[in-house]
Structure formats: structure tokens, C-alpha cells
Amino acid sequence: MANPDPTSTELGPVDYLVIEWTDGRPTGEAIPYLIDLVDRGIVRIIDITFVQKDDAGVVTEIAIDELGADFAVFDGAATALLGSDDVSEAAAVLAPGTAAAIVVWENVWAAPFAAAVRRNGGQVVASGRIPVDALLATLEPQV
């Protein structure tokens with residue numbers, strides 16, 4: 001998985017996700033879907049780290065080779081963009097006894113649009129996400 005050139009003006013928006021597994025470590029079921037997004041040029045993985053938080057609240061990193069063969073595809077995907085402070089901040093939202101993936105990716109699909117906005121003097125002044133559950137609740141028929 002190629003890492004982006006940080007000096008490129010063709011970078012798309014960069015997002016991060018903290019995905020928590022309450023039933024132990026991830027199984028790898030979602031990996032093919034993420035790889036498909038990468039292969040189709042929709043996203044580019046910039047950094048990925050796996051952590052676990054024990055019942056006492058102590059956070060430790062999980063090495064890729066500890067997760068199983070399916071996760072080997074992420075070996076070398078880390079850029080060190082995620083520092084220990086970032087991991088600690090992300091882990092603060094985790095419940096004790098859980099594991100998580102912290103993923104930073106570039107939205108490659110939006111790079112041409114984002115570059116055009118920057119070239120034209122535009123800048124993002126706000127952004128956000130609508131939680132899927134909130135959207136679904138809004139779309140449900142009112143009884």
C-alpha cells in the first residue's frame with residue numbers, strides 16, 4: 001500500500017477512524033472490503049495501528065503478526081504519522097477489555113476536487129459526519 005507524498009497538492013481529504021471490537025480482537029472479516037477500496041483508488045492507507053485496552057485500562061499495541069495471516073497485508077502500511085500521543089488519545093474512548101484499529105486514510109477519490117478548490121483559493125472551514133444511525137432514524141417511516 002503506497003503512502004502518499006506529503007508535499008503533493010493533489011492530496012485528498014484525510015480521515016481517521018477508531019474501530020473498537022468489544023468481543024476480543026478483530027477477525028479480519030472487513031479486510032477484503034478495505035483492500036477493495038484501496039485497489040479501486042478510492043482510499044489510500046496512510047497509517048494503521050492495532051491496540052488493546054486491558055481491564056485495568058492499560059493500552060498496548062498489537063503487532064500485525066499477532067493478529068494472523070489476513071492482517072499481513074497491513075505490514076509496512078504504517079508511516080509513523082500516528083504517534084504515541086495520538087494512540088493514547090484514540091484509546092481514551094475505548095472501553096476496558098476491548099481491541100481497536102486506528103486507521104488514517106486519504107480519500108483519493110476527492111483529491112482532484114480538493115486540489116481544484118485549493119488552487120482557486122478555497123479552503124475547508126468545517127466538516128463533519130452524520131452518524132448512520134441518526135440518518136436511518138430520520139429516514140424511518142413515522143408511525
# chains A, B, ... in the order shown; residues from 1 in each chain; ligands from 1
call {"tool": "closest_atom_pairs", "arguments": {"of": "region 3-103 of chain A", "to": "region 109-112 of chain A", "cutoff": "10 Å", "atoms": "only C-alpha atoms", "output": "JSON lines"}}
result
{"residue": "A:Thr9", "atom": "CA", "partner": "A:Ala111", "partner_atom": "CA", "distance": 8.6}
{"residue": "A:Glu10", "atom": "CA", "partner": "A:Ala111", "partner_atom": "CA", "distance": 5.4}
{"residue": "A:Leu11", "atom": "CA", "partner": "A:Ala111", "partner_atom": "CA", "distance": 5.1}
{"residue": "A:Gly12", "atom": "CA", "partner": "A:Ala111", "partner_atom": "CA", "distance": 3.6}
{"residue": "A:Pro13", "atom": "CA", "partner": "A:Ala110", "partner_atom": "CA", "distance": 6.8}
{"residue": "A:Val14", "atom": "CA", "partner": "A:Ala110", "partner_atom": "CA", "distance": 9.9}
{"residue": "A:Arg40", "atom": "CA", "partner": "A:Trp109", "partner_atom": "CA", "distance": 9.4}
{"residue": "A:Gly41", "atom": "CA", "partner": "A:Trp109", "partner_atom": "CA", "distance": 6.8}
{"residue": "A:Ile42", "atom": "CA", "partner": "A:Trp109", "partner_atom": "CA", "distance": 4.9}
{"residue": "A:Val43", "atom": "CA", "partner": "A:Trp109", "partner_atom": "CA", "distance": 6.9}
{"residue": "A:Arg44", "atom": "CA", "partner": "A:Trp109", "partner_atom": "CA", "distance": 9.5}
call {"tool": "write_last_selection", "arguments": {"atoms": "C-alpha atoms", "output": "mmCIF file, in the first residue's frame"}}
result
data_model
loop_
_atom_site.group_PDB
_atom_site.id
_atom_site.type_symbol
_atom_site.label_atom_id
_atom_site.label_comp_id
_atom_site.auth_asym_id
_atom_site.auth_seq_id
_atom_site.Cartn_x
_atom_site.Cartn_y
_atom_site.Cartn_z
ATOM 1 C CA THR A 9 -1.015 19.334 -3.889
ATOM 2 C CA GLU A 10 -3.163 16.505 -5.196
ATOM 3 C CA LEU A 11 -3.898 15.055 -1.763
ATOM 4 C CA GLY A 12 -7.498 14.356 -0.936
ATOM 5 C CA PRO A 13 -9.098 14.867 2.459
ATOM 6 C CA VAL A 14 -7.591 12.712 5.202
ATOM 7 C CA ARG A 40 -10.053 0.811 -6.721
ATOM 8 C CA GLY A 41 -8.200 4.005 -5.810
ATOM 9 C CA ILE A 42 -10.937 5.262 -3.501
ATOM 10 C CA VAL A 43 -8.782 5.470 -0.373
ATOM 11 C CA ARG A 44 -5.090 5.184 0.407
#
call {"tool": "select_by_dssp", "arguments": {"residues": "chain A", "states": "strand (DSSP E)", "output": "number ranges by chain"}}
result
A: 14-21, 43-53, 59-62, 98-107
call {"tool": "residues_around", "arguments": {"residues": "region 122-132 of chain A", "least_positions_apart": "6", "cutoff": "12 Å", "atoms": "only C-alpha atoms", "output": "ChimeraX atom specification"}}
result
/A:12-17,113-116,138-139
call {"tool": "closest_residue", "arguments": {"among": "A:Leu135, A:Leu34, A:Ala69, A:Val59", "to": "Asp85 (chain A)", "atoms": "only C-alpha atoms"}}
result
A:Val59
call {"tool": "closest_residue", "arguments": {"among": "A:Thr27, A:Asn120, A:Thr79, A:Ser84", "to": "Ile48 (chain A)", "atoms": "only C-alpha atoms"}}
result
A:Thr79
call {"tool": "select_by_dssp", "arguments": {"residues": "chain A", "states": "alpha helix (DSSP H)", "output": "MDAnalysis selection string"}}
result
chainID A and resid 31:39 64:67 84:91 111:119 132:139
